[in-house]
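These notes are about the structure you will find just below.
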Amino acid sequence: MITLSVVVTVVDGGECLRRCLEALDAQAQGADIEIIVPYDQGDRTIAELARRFPRVRFHLVEDLGASAVVSLPSHAHRVIDRCRAVGLALATGKIVAMLEDRGVPAPDWCRQVVAEHDQSHAVIGGAIENGVDRAMNWALYYCDLGRYGLPRPAGPTGFLSDTNVAYKREPLASVHGSWSEQYQETTVHWALQARGHTLWFDPRLMTTQMRADIGWRRAYRERIDNARLFAETRVAAVAPWLRLVFVIGTPILPLLLLLRVARLMIRQGRSPRQMATALPLSALLVTGTAFGELLGYLAGPPRAVIEAAPRRAAAGADRGAVKS
């Protein structure tokens, strides 16, 4: 059996995907590692990449509708989640890991994943750093992934990112129903926790975000769509009165999120220049997060999400086919 399967999520495609695959391919040579790239037909660079990386398994996920590449409207985000589910179903490794094409794994990432899974943890997530010194990249990073930045000690956590995570095969298979159609880390991790598994963070599993240049309109729309998707998933697992609490609480969410961004930047020792340029943009982006969550709480979950969601109170939940 393959030791490690790595499913690479195509979000930006093109140069971002090439960079990620180069890092992985170098680590997979001579090792029991398979790399799987499920994709929709919107990325026209796949044929070229398939020739360049013959060891990588590219799999077209058909009948998905709108393209997942380039933009992230709500439907397209669900396309990405469907591709993730297909990738997990194709994986044959004892360990099944997931990356996003925007994140470049460290040179020892695969080795660290395998080594850390010698422990009993069912799921391990790693550190995520920003590698592009632009104000918008810093703002997006801290609004989305900054909590996974260094320094941060290893230990149990309430949240892990689907851009850098690895599962033991058997626990992942045990919650197959939570990701068989669409993978969302919130739903999958709630299901694992409901079975008694602990989410574990380890900073030695390191990736670096290398996002392409992005304008504020697209960035703002991305925050709305991601937050709406989270809120739709969240309310599938809570009582109606708690859903009302979430709606009432959204007006104060921008302030709380901006305070968290500032606290993270201070904790991680960012320079005054970085803070001065990123915080105003972050203040704008967190309003998009709040608006997206409000839309999700008001609209409620799609039926597929309702059926997949574990029935547990998610008041404290943080934002942020494999067969046995």
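Each chain in the structure tokens gets a letter, A, B, ..., in the order shown, and its residues are numbered from 1; ligands are numbered from 1 in order too.
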
Exercise. Write out as a PyMOL selection string all residues of region 53-213 of chain A that DSSP puts in strand (DSSP E) for this structure's backbone.
Key: chain A and resi 56-60+95-100+103-105+123-130+155-157+164-168+199-209

Exercise. List every residue of region 164-255 of chain A that DSSP, applied to the backbone, labels as helix (DSSP H, G or I), and write the result as an MDAnalysis selection string.
Key: chainID A and resid 169:174 176:178 185:194 216:235 240:255

So that I can check the surroundings of region 279-291 of chain A, please list as a PDB file with N, CA and C atoms, in the first residue's frame every protein, DNA and RNA residue that reaches within 7 Å of it, counting only C-alpha atoms and ignoring chain neighbours fewer than 6 positions away.
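Final output, around38.pdb:
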ATOM      1  N   MET A 136      -2.064  43.373   0.339  1.00  0.00           N
ATOM      2  CA  MET A 136      -3.281  42.582   0.225  1.00  0.00           C
ATOM      3  C   MET A 136      -3.031  41.131   0.619  1.00  0.00           C
ATOM      4  N   ALA A 139      -3.021  41.024   4.342  1.00  0.00           N
ATOM      5  CA  ALA A 139      -4.370  41.196   4.875  1.00  0.00           C
ATOM      6  C   ALA A 139      -5.188  39.910   4.718  1.00  0.00           C
ATOM      7  N   CYS A 143      -6.625  37.489   7.726  1.00  0.00           N
ATOM      8  CA  CYS A 143      -8.068  37.309   7.843  1.00  0.00           C
ATOM      9  C   CYS A 143      -8.478  35.847   7.709  1.00  0.00           C
ATOM     10  N   TYR A 220     -12.497  40.908  -1.576  1.00  0.00           N
ATOM     11  CA  TYR A 220     -13.671  41.154  -0.750  1.00  0.00           C
ATOM     12  C   TYR A 220     -14.754  40.117  -1.037  1.00  0.00           C
ATOM     13  N   ARG A 223     -13.946  36.841   0.629  1.00  0.00           N
ATOM     14  CA  ARG A 223     -14.266  36.794   2.056  1.00  0.00           C
ATOM     15  C   ARG A 223     -15.763  36.560   2.272  1.00  0.00           C
ATOM     16  N   ILE A 224     -16.604  37.213   1.469  1.00  0.00           N
ATOM     17  CA  ILE A 224     -18.053  37.016   1.588  1.00  0.00           C
ATOM     18  C   ILE A 224     -18.421  35.559   1.316  1.00  0.00           C
ATOM     19  N   ALA A 227     -17.113  33.040   3.974  1.00  0.00           N
ATOM     20  CA  ALA A 227     -17.843  33.172   5.234  1.00  0.00           C
ATOM     21  C   ALA A 227     -19.266  32.643   5.111  1.00  0.00           C
ATOM     22  N   THR A 250     -23.685  39.244  14.471  1.00  0.00           N
ATOM     23  CA  THR A 250     -22.836  39.607  13.329  1.00  0.00           C
ATOM     24  C   THR A 250     -22.408  41.082  13.293  1.00  0.00           C
ATOM     25  N   LEU A 253     -19.051  41.409  14.792  1.00  0.00           N
ATOM     26  CA  LEU A 253     -18.033  40.495  14.281  1.00  0.00           C
ATOM     27  C   LEU A 253     -16.835  41.212  13.652  1.00  0.00           C
ATOM     28  N   PRO A 254     -17.024  42.283  12.850  1.00  0.00           N
ATOM     29  CA  PRO A 254     -15.847  42.950  12.266  1.00  0.00           C
ATOM     30  C   PRO A 254     -14.838  43.423  13.309  1.00  0.00           C
ATOM     31  N   LEU A 257     -13.006  40.374  14.811  1.00  0.00           N
ATOM     32  CA  LEU A 257     -12.055  39.791  13.860  1.00  0.00           C
ATOM     33  C   LEU A 257     -10.843  40.687  13.657  1.00  0.00           C
ATOM     34  N   LEU A 258     -11.054  42.000  13.617  1.00  0.00           N
ATOM     35  CA  LEU A 258      -9.923  42.913  13.437  1.00  0.00           C
ATOM     36  C   LEU A 258      -9.011  42.885  14.660  1.00  0.00           C
TER      37      LEU A 258
END

Self-check item: region 170-173 of chain A surroundings by only C-alpha atoms, 10 Å radius, close-in-sequence under 4 positions cut, as a list of chain:residue names
Solution: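 Neighbouring residues, sequence-local ones excluded: A:Leu88, A:Ala89, A:Lys94, A:Ile95, A:Val96, A:His121, A:Ala122, A:Val123, A:Ala166, A:Gly177, A:Ser178, A:Trp179, A:Ser180, A:Val188, A:His189, A:Ala191, A:Leu192, A:Arg195, A:His197, A:Ala321, A:Val322, A:Lys323, A:Ser324.
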
Quiz prompt | Residue with smallest distance to Asp12 (chain A) - pool A:Arg55, A:Arg44, A:Arg111, A:Arg134, counting only C-alpha atoms | solution = A:Arg44

Quiz prompt | From A:Ala194, A:Ala85, A:Leu4, A:Met275, residue lying nearest Ser174 (chain A) [only C-alpha atoms] | solution =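 Comparing A:Ala194, A:Ala85, A:Leu4, A:Met275 against Ser174 (chain A), the winner is A:Ala194.
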
8 Å contact set for Cys83 (chain A), only C-alpha atoms, chain neighbours under 4 positions out, as a compact mmCIF listing (two decimals) with N, CA and C atoms, in the first residue's frame:
# COMPACT_ATOMS: atom_id res chain seq x y z
N THR A 9 -5.54 20.53 -4.04
CA THR A 9 -6.73 21.28 -4.47
C THR A 9 -6.33 22.37 -5.44
N PRO A 38 -7.29 16.38 -8.50
CA PRO A 38 -8.62 16.41 -9.10
C PRO A 38 -8.89 17.84 -9.62
N TYR A 39 -9.42 17.94 -10.80
CA TYR A 39 -9.59 19.27 -11.38
C TYR A 39 -10.85 19.33 -12.22
N ASP A 40 -11.36 20.52 -12.43
CA ASP A 40 -12.47 20.70 -13.36
C ASP A 40 -11.89 21.25 -14.66
N VAL A 61 -12.75 15.88 -12.90
CA VAL A 61 -14.04 15.71 -12.23
C VAL A 61 -15.08 16.36 -13.12
N VAL A 79 -17.77 23.61 -6.07
CA VAL A 79 -17.06 22.81 -7.06
C VAL A 79 -15.73 22.34 -6.48
N GLY A 87 -10.93 13.62 -4.84
CA GLY A 87 -9.52 13.33 -4.59
C GLY A 87 -9.33 12.40 -3.41
N GLN A 182 -19.15 16.28 -0.85
CA GLN A 182 -18.36 17.51 -0.80
C GLN A 182 -17.53 17.50 0.48
